[in-house]
Structure formats: structure tokens, C-alpha cells
file final_18.cif (mmCIF, C-alpha atoms and all ligand atoms)
data_model
loop_
_atom_site.group_PDB
_atom_site.id
_atom_site.type_symbol
_atom_site.label_atom_id
_atom_site.label_comp_id
_atom_site.auth_asym_id
_atom_site.auth_seq_id
_atom_site.Cartn_x
_atom_site.Cartn_y
_atom_site.Cartn_z
ATOM 1 C CA MET E 1 182.710 121.157 70.391
ATOM 2 C CA ASN E 2 182.044 122.326 73.908
ATOM 3 C CA TYR E 3 179.522 124.656 72.613
ATOM 4 C CA THR E 4 177.913 121.926 70.569
ATOM 5 C CA ALA E 5 177.986 119.648 73.567
ATOM 6 C CA PHE E 6 176.407 122.355 75.657
ATOM 7 C CA THR E 7 173.839 123.028 73.021
ATOM 8 C CA ASN E 8 173.137 119.315 72.709
ATOM 9 C CA ASN E 9 172.940 118.980 76.481
ATOM 10 C CA SER E 10 170.673 121.921 76.803
ATOM 11 C CA LEU E 11 168.545 120.581 73.969
ATOM 12 C CA CYS E 12 168.415 117.230 75.703
ATOM 13 C CA LEU E 13 167.534 118.873 78.998
ATOM 14 C CA HIS E 14 164.945 120.957 77.290
ATOM 15 C CA ALA E 15 163.515 117.882 75.594
ATOM 16 C CA LEU E 16 163.595 116.008 78.879
ATOM 17 C CA ILE E 17 161.754 118.798 80.658
ATOM 18 C CA GLU E 18 159.267 118.914 77.837
ATOM 19 C CA VAL E 19 158.806 115.134 77.961
ATOM 20 C CA ARG E 20 158.389 115.244 81.727
ATOM 21 C CA GLY E 21 155.979 118.129 81.362
ATOM 22 C CA GLU E 22 154.015 116.170 78.777
ATOM 23 C CA ALA E 23 154.020 113.082 81.004
ATOM 24 C CA ARG E 24 152.808 115.142 83.966
ATOM 25 C CA LYS E 25 150.146 116.736 81.814
ATOM 26 C CA GLU E 26 149.103 113.289 80.572
ATOM 27 C CA HIS E 27 149.076 111.955 84.119
ATOM 28 C CA PHE E 28 146.977 114.921 85.211
ATOM 29 C CA MET E 29 144.536 114.397 82.330
ATOM 30 C CA LEU E 30 144.254 110.695 83.174
ATOM 31 C CA ARG E 31 143.535 111.540 86.785
ATOM 32 C CA ILE E 32 140.823 114.017 85.731
ATOM 33 C CA LEU E 33 139.397 111.404 83.382
ATOM 34 C CA ARG E 34 139.376 108.856 86.188
ATOM 35 C CA TYR E 35 137.539 111.312 88.448
ATOM 36 C CA ILE E 36 134.992 111.943 85.720
ATOM 37 C CA VAL E 37 134.414 108.198 85.239
ATOM 38 C CA TRP E 38 134.067 107.731 89.004
ATOM 39 C CA ALA E 39 131.624 110.617 89.214
ATOM 40 C CA ILE E 40 129.534 109.162 86.357
ATOM 41 C CA LEU E 41 129.550 105.690 87.958
ATOM 42 C CA ALA E 42 128.598 107.148 91.344
ATOM 43 C CA ALA E 43 125.770 109.163 89.804
ATOM 44 C CA LEU E 44 124.549 106.073 87.914
ATOM 45 C CA SER E 45 124.547 103.864 90.984
ATOM 46 C CA VAL E 46 122.699 106.535 92.991
ATOM 47 C CA ALA E 47 120.135 106.739 90.196
ATOM 48 C CA VAL E 48 119.726 102.932 90.002
ATOM 49 C CA ALA E 49 119.474 102.646 93.798
ATOM 50 C CA SER E 50 116.851 105.374 94.008
ATOM 51 C CA VAL E 51 114.763 103.748 91.260
ATOM 52 C CA LEU E 52 114.944 100.383 93.077
ATOM 53 C CA LEU E 53 114.084 101.940 96.433
ATOM 54 C CA ASP E 54 111.225 103.825 94.861
ATOM 55 C CA GLU E 55 109.823 100.660 93.319
ATOM 56 C CA ARG E 56 110.129 98.798 96.595
ATOM 57 C CA SER E 57 108.375 101.565 98.519
ATOM 58 C CA ASN E 58 105.613 101.637 95.887
ATOM 59 C CA GLU E 59 105.130 97.889 96.315
ATOM 60 C CA GLN E 60 105.037 98.295 100.064
ATOM 61 C CA THR E 61 102.475 101.074 99.928
ATOM 62 C CA SER E 62 100.233 99.169 97.547
ATOM 63 C CA SER E 63 100.296 95.990 99.642
ATOM 64 C CA ILE E 64 99.779 97.947 102.845
ATOM 65 C CA SER E 65 96.873 99.879 101.393
ATOM 66 C CA ALA E 66 95.231 96.710 100.022
ATOM 67 C CA LEU E 67 95.515 95.055 103.420
ATOM 68 C CA SER E 68 94.524 98.001 105.568
ATOM 69 C CA THR E 69 91.751 99.564 103.519
ATOM 70 C CA GLY E 70 90.324 96.282 102.255
ATOM 71 C CA ILE E 71 89.217 95.420 98.768
ATOM 72 C CA GLY E 72 85.851 95.171 97.094
ATOM 73 C CA ALA E 73 83.182 97.814 96.717
ATOM 74 C CA PRO E 74 79.506 98.254 97.627
ATOM 75 C CA PHE E 75 77.213 96.115 95.451
ATOM 76 C CA GLN E 76 73.575 95.120 94.991
ATOM 77 C CA LEU E 77 73.209 91.569 93.671
ATOM 78 C CA ILE E 78 71.077 88.454 94.205
ATOM 79 C CA ASP E 79 71.869 85.450 96.398
ATOM 80 C CA HIS E 80 71.144 81.845 95.418
ATOM 81 C CA ASP E 81 67.682 82.068 97.008
ATOM 82 C CA GLY E 82 66.794 85.018 94.792
ATOM 83 C CA ALA E 83 67.030 87.517 97.693
ATOM 84 C CA PRO E 84 68.899 90.815 97.384
ATOM 85 C CA ILE E 85 72.423 90.759 98.811
ATOM 86 C CA SER E 86 74.929 93.581 99.347
ATOM 87 C CA GLU E 87 78.447 94.039 100.721
ATOM 88 C CA LYS E 88 76.842 94.299 104.192
ATOM 89 C CA ALA E 89 76.348 90.502 104.164
ATOM 90 C CA MET E 90 80.148 90.110 104.197
ATOM 91 C CA LYS E 91 80.808 92.345 107.197
ATOM 92 C CA GLY E 92 80.506 91.819 110.945
ATOM 93 C CA HIS E 93 82.070 88.345 110.839
ATOM 94 C CA PRO E 94 85.087 86.747 109.180
ATOM 95 C CA ALA E 95 84.283 85.819 105.599
ATOM 96 C CA ILE E 96 85.572 83.633 102.793
ATOM 97 C CA VAL E 97 85.029 84.963 99.283
ATOM 98 C CA PHE E 98 85.578 82.923 96.151
ATOM 99 C CA PHE E 99 84.845 83.701 92.492
ATOM 100 C CA GLY E 100 83.815 81.000 90.014
ATOM 101 C CA PHE E 101 81.037 79.509 87.881
ATOM 102 C CA THR E 102 78.893 76.394 87.766
ATOM 103 C CA HIS E 103 80.213 75.194 84.367
ATOM 104 C CA CYS E 104 83.794 75.234 85.671
ATOM 105 C CA PRO E 105 85.565 71.981 84.751
ATOM 106 C CA GLU E 106 88.077 71.809 87.597
ATOM 107 C CA VAL E 107 89.016 74.761 89.804
ATOM 108 C CA CYS E 108 85.543 75.494 91.194
ATOM 109 C CA PRO E 109 84.444 71.925 91.953
ATOM 110 C CA THR E 110 87.831 71.262 93.598
ATOM 111 C CA THR E 111 87.641 74.463 95.636
ATOM 112 C CA LEU E 112 84.036 73.871 96.708
ATOM 113 C CA HIS E 113 84.972 70.348 97.754
ATOM 114 C CA ASN E 114 88.015 71.585 99.707
ATOM 115 C CA LEU E 115 86.060 74.365 101.398
ATOM 116 C CA THR E 116 83.386 71.856 102.446
ATOM 117 C CA VAL E 117 86.024 69.596 104.024
ATOM 118 C CA TRP E 118 87.847 72.480 105.731
ATOM 119 C CA LEU E 119 84.634 73.976 107.133
ATOM 120 C CA ASP E 120 83.823 70.569 108.641
ATOM 121 C CA GLN E 121 87.323 70.306 110.105
ATOM 122 C CA LEU E 122 87.044 73.736 111.747
ATOM 123 C CA GLY E 123 84.114 72.429 113.796
ATOM 124 C CA ASP E 124 81.803 74.749 115.733
ATOM 125 C CA ASP E 125 84.243 77.662 115.697
ATOM 126 C CA GLY E 126 84.186 77.591 111.893
ATOM 127 C CA LYS E 127 80.451 78.308 111.931
ATOM 128 C CA ARG E 128 81.295 81.989 112.507
ATOM 129 C CA LEU E 129 82.680 82.088 108.972
ATOM 130 C CA LYS E 130 80.360 83.248 106.191
ATOM 131 C CA VAL E 131 81.289 81.881 102.798
ATOM 132 C CA PHE E 132 80.392 83.462 99.453
ATOM 133 C CA PHE E 133 80.705 82.021 95.965
ATOM 134 C CA ILE E 134 80.392 84.886 93.484
ATOM 135 C CA SER E 135 79.595 83.916 89.891
ATOM 136 C CA VAL E 136 81.926 85.151 87.166
ATOM 137 C CA ASP E 137 79.402 83.837 84.618
ATOM 138 C CA PRO E 138 76.137 85.550 85.611
ATOM 139 C CA ALA E 139 74.776 85.173 82.052
ATOM 140 C CA ARG E 140 74.399 81.418 82.680
ATOM 141 C CA ASP E 141 74.437 81.167 86.481
ATOM 142 C CA THR E 142 70.881 81.833 87.614
ATOM 143 C CA PRO E 143 70.223 81.819 91.382
ATOM 144 C CA GLN E 144 68.521 78.408 91.019
ATOM 145 C CA MET E 145 71.504 76.926 89.181
ATOM 146 C CA LEU E 146 73.942 78.312 91.748
ATOM 147 C CA ARG E 147 71.884 76.927 94.611
ATOM 148 C CA ALA E 148 71.603 73.458 93.071
ATOM 149 C CA TYR E 149 75.318 73.413 92.245
ATOM 150 C CA ILE E 150 76.578 74.591 95.636
ATOM 151 C CA HIS E 151 74.210 72.301 97.539
ATOM 152 C CA LYS E 152 75.832 69.303 95.856
ATOM 153 C CA PHE E 153 78.783 70.142 98.133
ATOM 154 C CA THR E 154 77.454 71.986 101.178
ATOM 155 C CA ASN E 155 74.736 74.300 102.448
ATOM 156 C CA ARG E 156 77.325 76.478 104.223
ATOM 157 C CA ILE E 157 78.131 78.559 101.112
ATOM 158 C CA THR E 158 76.023 81.381 99.663
ATOM 159 C CA GLY E 159 75.993 81.794 95.886
ATOM 160 C CA VAL E 160 75.898 85.338 94.489
ATOM 161 C CA THR E 161 74.875 86.361 90.974
ATOM 162 C CA GLY E 162 72.912 89.127 89.261
ATOM 163 C CA ASP E 163 73.154 91.725 86.542
ATOM 164 C CA PRO E 164 76.298 90.951 84.475
ATOM 165 C CA GLY E 165 77.406 94.609 84.481
ATOM 166 C CA ASP E 166 77.088 94.804 88.293
ATOM 167 C CA VAL E 167 78.881 91.470 88.741
ATOM 168 C CA ASP E 168 81.658 92.730 86.482
ATOM 169 C CA LYS E 169 82.075 95.851 88.630
ATOM 170 C CA LEU E 170 82.251 93.682 91.739
ATOM 171 C CA THR E 171 84.885 91.302 90.338
ATOM 172 C CA LYS E 172 86.968 94.289 89.192
ATOM 173 C CA SER E 173 86.767 95.876 92.647
ATOM 174 C CA TRP E 174 88.274 92.648 94.021
ATOM 175 C CA HIS E 175 90.984 92.748 91.316
ATOM 176 C CA VAL E 176 89.690 89.366 90.156
ATOM 177 C CA PHE E 177 90.673 88.370 86.637
ATOM 178 C CA THR E 178 87.920 86.902 84.428
ATOM 179 C CA LYS E 179 87.992 86.086 80.734
ATOM 180 C CA ARG E 180 85.407 84.467 78.478
ATOM 181 C CA VAL E 181 87.117 81.768 76.393
ATOM 182 C CA PRO E 182 85.223 80.368 73.357
ATOM 183 C CA LEU E 183 85.208 76.566 72.953
ATOM 184 C CA GLU E 184 85.297 74.656 69.658
ATOM 185 C CA ASP E 185 81.697 73.452 70.043
ATOM 186 C CA GLY E 186 80.446 77.057 70.114
ATOM 187 C CA ASP E 187 80.097 77.038 73.900
ATOM 188 C CA TYR E 188 82.425 78.971 76.176
ATOM 189 C CA THR E 189 84.286 78.627 79.434
ATOM 190 C CA MET E 190 85.645 81.235 81.839
ATOM 191 C CA ASP E 191 89.211 81.763 82.975
ATOM 192 C CA HIS E 192 89.232 83.308 86.424
ATOM 193 C CA THR E 193 91.319 84.060 89.489
ATOM 194 C CA ALA E 194 91.371 80.888 91.561
ATOM 195 C CA SER E 195 92.462 82.314 94.915
ATOM 196 C CA ILE E 196 90.165 82.252 97.937
ATOM 197 C CA PHE E 197 89.982 85.591 99.770
ATOM 198 C CA LEU E 198 89.994 85.576 103.567
ATOM 199 C CA VAL E 199 88.297 88.711 104.848
ATOM 200 C CA ARG E 200 88.309 90.037 108.430
ATOM 201 C CA LYS E 201 85.047 91.085 110.042
ATOM 202 C CA ASP E 202 85.801 94.771 109.310
ATOM 203 C CA GLY E 203 85.890 93.927 105.588
ATOM 204 C CA SER E 204 89.672 94.163 105.197
ATOM 205 C CA LEU E 205 91.591 91.433 103.417
ATOM 206 C CA GLN E 206 93.645 89.222 105.742
ATOM 207 C CA SER E 207 95.170 86.820 103.236
ATOM 208 C CA THR E 208 94.373 84.400 100.444
ATOM 209 C CA ILE E 209 94.427 80.648 100.008
ATOM 210 C CA LYS E 210 95.945 79.851 96.646
ATOM 211 C CA TYR E 211 94.654 77.077 94.415
ATOM 212 C CA GLY E 212 96.806 74.066 95.220
ATOM 213 C CA ASP E 213 97.748 75.260 98.715
ATOM 214 C CA ASP E 214 98.243 72.429 101.150
ATOM 215 C CA ALA E 215 95.224 71.562 103.322
ATOM 216 C CA ALA E 216 97.343 72.137 106.453
ATOM 217 C CA VAL E 217 98.350 75.601 105.227
ATOM 218 C CA ALA E 218 94.753 76.430 104.315
ATOM 219 C CA LEU E 219 93.451 75.344 107.735
ATOM 220 C CA GLN E 220 96.148 77.361 109.467
ATOM 221 C CA LYS E 221 95.099 80.465 107.497
ATOM 222 C CA LEU E 222 91.438 79.834 108.295
ATOM 223 C CA ARG E 223 92.172 79.473 112.028
ATOM 224 C CA LEU E 224 94.173 82.693 111.906
ATOM 225 C CA LEU E 225 91.199 84.384 110.234
ATOM 226 C CA LEU E 226 88.886 83.105 112.983
ATOM 227 C CA SER E 227 91.216 84.484 115.655
ATOM 228 C CA SER E 228 91.474 87.922 114.004
HETATM 229 CU CU CU E 301 86.287 77.806 88.238
#

call {"tool": "encode", "arguments": {"input": "final_18.cif", "output": "C-alpha cells"}}
result
Amino acid sequence: MNYTAFTNNSLCLHALIEVRGEARKEHFMLRILRYIVWAILAALSVAVASVLLDERSNEQTSSISALSTGIGAPFQLIDHDGAPISEKAMKGHPAIVFFGFTHCPEVCPTTLHNLTVWLDQLGDDGKRLKVFFISVDPARDTPQMLRAYIHKFTNRITGVTGDPGDVDKLTKSWHVFTKRVPLEDGDYTMDHTASIFLVRKDGSLQSTIKYGDDAAVALQKLRLLLSS
């Protein structure tokens, strides 16, 4: 009986030790597992953070380089009087550059109207600004057509057109979007970037006036351009 009790006790003790040992082992495994999960999570968040930082720094570099090195490229085109014009015409003074076409139903007439009003409001100081309207539809926009169209608004803006391939290279160098869109009557229209580029006298881009920007905001940007 004693013996049995002893044996039972020792069995119990043994079992208890084994159970405790198992529990400790399990606890240890859980702790290891937890460390592994933490390590994976930490590695993941480092990876995500570095991707985000990388993207942000890429954005910063691209905006800095666009602003500091300027946009556009050398070109040889024709102004609305039929005279040759190159990128040199845009340098040495603050400039406003806008891309559009004479058949434009809304954006171009609105922008030309706004520019005419703003140039008037800037007074004498604004006369230092040179303004260029570059055709995104050179196949239809002859120098004569550009001149007649622009002069309906103002004589302060110079129209630019020329060989379609050369115009295309110029619009691309300004990262201007253009797309020929067929109309039902067989004619076509052009989708194009509607922003107005404000260019410092050294040819670098200062800022843009977006289509629909408030007149007060636009004038503020133009005055800032004049003071640059
Ligand atoms: Cu337009």
C-alpha cells in the first residue's frame, strides 16, 4: 500500500514535472514565435517606410529639377507674323507660355480673354512680360490664322506655329499633353494641357496658373513672376 502510494506519488510527481516541463517548453516556443512575428512586422514596417521615403524623395528631386533646370527645349518655329522664332525669344525677361489652338471651343478663348484682362491690370510693369501662345494644332493654325485669332483679344501675345513634327517636340519638352479627338462631323478637336506656364527670365519655370484659378490668385502669381 505504502509502496503503491509511493509509486503513485512518484508517478504523479513525474507526471507533474513532465507537465510543467511541457508547459515551459510551450511557453518558450510561444515566446520564440512572438519574437519571430515581431521581427517580421519590424522588417515589414522598415521596408514599407523605406519605399515611402524613397517615393517622396523621388518626387522631391523631380519637382526640384523641373523648377531649377527649367523645362522646354531649343526650337525653330514661326511666329504669327511668319518670322522665325526660337527659344531665345522667351529668355531675358519673364515670360508667360500657353499652349492651345484657334478652333478651341472654350479653354483657349477663356484663357486669352483672362490674360488680356490681367495684362491690362498689371499696368506698365506688366509690359516686361512676353506672352507666347503655342499652337497644338499646327496643321490648321497658319501664322495668319493665329495672328487674326489672337488680335481679336490683344496684340500683347505672340502666336507660335510651324512644322507639326517640330511643334510636337516642343510640346513634349514642356510635358504638355495634346490629343487629337475626332468629331462626329468628320472634323476634329484637340485636348490639351490648359495650364499657363510662368517662366523666369533665365528660362526656369516659376509656377503655373491653372485653368479656373481665381483672378486674384493669378494676378498674385504674375506679380511674383515680375518680381523674380
Ligand atoms: Cu484650347

call {"tool": "residues_around", "arguments": {"input": "final_18.cif", "residues": "range 148-150 of chain E", "least_positions_apart": "3", "cutoff": "12 Å", "atoms": "all atoms listed in the file", "output": "number ranges by chain"}}
result
E: 79-81, 100-104, 108-113, 115-116, 131-135, 141-145, 153-160

call {"tool": "residues_around", "arguments": {"input": "final_18.cif", "residues": "Asp191 in chain E", "least_positions_apart": "4", "cutoff": "9 Å", "atoms": "only C-alpha atoms", "output": "ChimeraX atom specification"}}
result
/E:100,104,177-181

call {"tool": "closest_residue", "arguments": {"input": "final_18.cif", "among": "E:Gly212, E:Pro182, E:Gly165, E:Pro74", "to": "Lys91 in chain E", "atoms": "only C-alpha atoms"}}
result
E:Pro74

call {"tool": "closest_residue", "arguments": {"input": "final_18.cif", "among": "E:Ala89, E:Ala139, E:Pro94, E:Thr193", "to": "Lys221 in chain E", "atoms": "only C-alpha atoms"}}
result
E:Pro94

call {"tool": "closest_residue", "arguments": {"input": "final_18.cif", "among": "E:Asp213, E:Lys172, E:Leu205, E:Thr161", "to": "Ala83 in chain E", "atoms": "all atoms listed in the file"}}
result
E:Thr161

call {"tool": "closest_residue", "arguments": {"input": "final_18.cif", "among": "E:Leu129, E:Ala218, E:Ala95, E:Val107", "to": "ligand CU 301 (chain E)", "atoms": "all atoms listed in the file"}}
result
E:Val107

call {"tool": "atom_distance", "arguments": {"input": "final_18.cif", "atom1": "CA of Lys210 in chain E", "atom2": "CA of Gln76 in chain E"}}
result
27.1 Å

call {"tool": "atom_distance", "arguments": {"input": "final_18.cif", "atom1": "CA of Arg140 in chain E", "atom2": "CA of Gly203 in chain E"}}
result
28.5 Å

call {"tool": "atom_distance", "arguments": {"input": "final_18.cif", "atom1": "CA of Arg128 in chain E", "atom2": "CA of Val176 in chain E"}}
result
25.0 Å

call {"tool": "closest_residue", "arguments": {"input": "final_18.cif", "among": "E:Gly186, E:Pro105, E:Gly92, E:Pro84", "to": "ligand CU 301 (chain E)", "atoms": "all atoms listed in the file"}}
result
E:Pro105

call {"tool": "closest_residue", "arguments": {"input": "final_18.cif", "among": "E:Leu170, E:Val136, E:Leu183, E:Val199", "to": "ligand CU 301 (chain E)", "atoms": "all atoms listed in the file"}}
result
E:Val136

call {"tool": "residues_near_point", "arguments": {"input": "final_18.cif", "point": "(81.5, 77.8, 112.9)", "cutoff": "12 Å", "atoms": "only C-alpha atoms", "output": "ChimeraX atom specification"}}
result
/E:93-95,118-131,156,222-223,226

call {"tool": "build_atoms", "arguments": {"input": "final_18.cif", "residues": "range 120-138 of chain E", "atoms": "N, CA and C atoms", "output": "short mmCIF file (atom, residue, chain, number, x, y, z; two decimals), in the frame of the given file"}}
result
data_model
loop_
_atom_site.label_atom_id
_atom_site.label_comp_id
_atom_site.auth_asym_id
_atom_site.auth_seq_id
_atom_site.Cartn_x
_atom_site.Cartn_y
_atom_site.Cartn_z
N ASP E 120 84.13 71.67 107.72
CA ASP E 120 83.82 70.57 108.64
C ASP E 120 84.93 70.44 109.68
N GLN E 121 86.19 70.50 109.20
CA GLN E 121 87.32 70.31 110.10
C GLN E 121 87.45 71.43 111.13
N LEU E 122 86.95 72.61 110.81
CA LEU E 122 87.04 73.74 111.75
C LEU E 122 86.05 73.58 112.90
N GLY E 123 85.08 72.70 112.72
CA GLY E 123 84.11 72.43 113.80
C GLY E 123 83.22 73.63 114.08
N ASP E 124 82.76 73.71 115.35
CA ASP E 124 81.80 74.75 115.73
C ASP E 124 82.34 76.15 115.52
N ASP E 125 83.64 76.34 115.83
CA ASP E 125 84.24 77.66 115.70
C ASP E 125 84.12 78.17 114.25
N GLY E 126 84.24 77.24 113.31
CA GLY E 126 84.19 77.59 111.89
C GLY E 126 82.82 78.09 111.45
N LYS E 127 81.80 77.87 112.31
CA LYS E 127 80.45 78.31 111.93
C LYS E 127 80.31 79.82 111.93
N ARG E 128 81.30 80.52 112.54
CA ARG E 128 81.30 81.99 112.51
C ARG E 128 81.68 82.52 111.13
N LEU E 129 82.25 81.66 110.32
CA LEU E 129 82.68 82.09 108.97
C LEU E 129 81.48 82.13 108.03
N LYS E 130 81.38 83.21 107.25
CA LYS E 130 80.36 83.25 106.19
C LYS E 130 81.12 83.08 104.87
N VAL E 131 80.57 82.21 104.02
CA VAL E 131 81.29 81.88 102.80
C VAL E 131 80.46 82.28 101.57
N PHE E 132 81.10 82.97 100.64
CA PHE E 132 80.39 83.46 99.45
C PHE E 132 81.07 82.97 98.18
N PHE E 133 80.23 82.47 97.29
CA PHE E 133 80.70 82.02 95.96
C PHE E 133 80.09 82.98 94.95
N ILE E 134 80.91 83.86 94.40
CA ILE E 134 80.39 84.89 93.48
C ILE E 134 80.59 84.44 92.04
N SER E 135 79.52 84.41 91.27
CA SER E 135 79.60 83.92 89.89
C SER E 135 80.34 84.89 88.99
N VAL E 136 81.26 84.34 88.20
CA VAL E 136 81.93 85.15 87.17
C VAL E 136 81.25 84.92 85.81
N ASP E 137 80.13 84.17 85.84
CA ASP E 137 79.40 83.84 84.62
C ASP E 137 77.90 84.06 84.85
N PRO E 138 77.53 85.30 85.23
CA PRO E 138 76.14 85.55 85.61
C PRO E 138 75.16 85.35 84.46
#
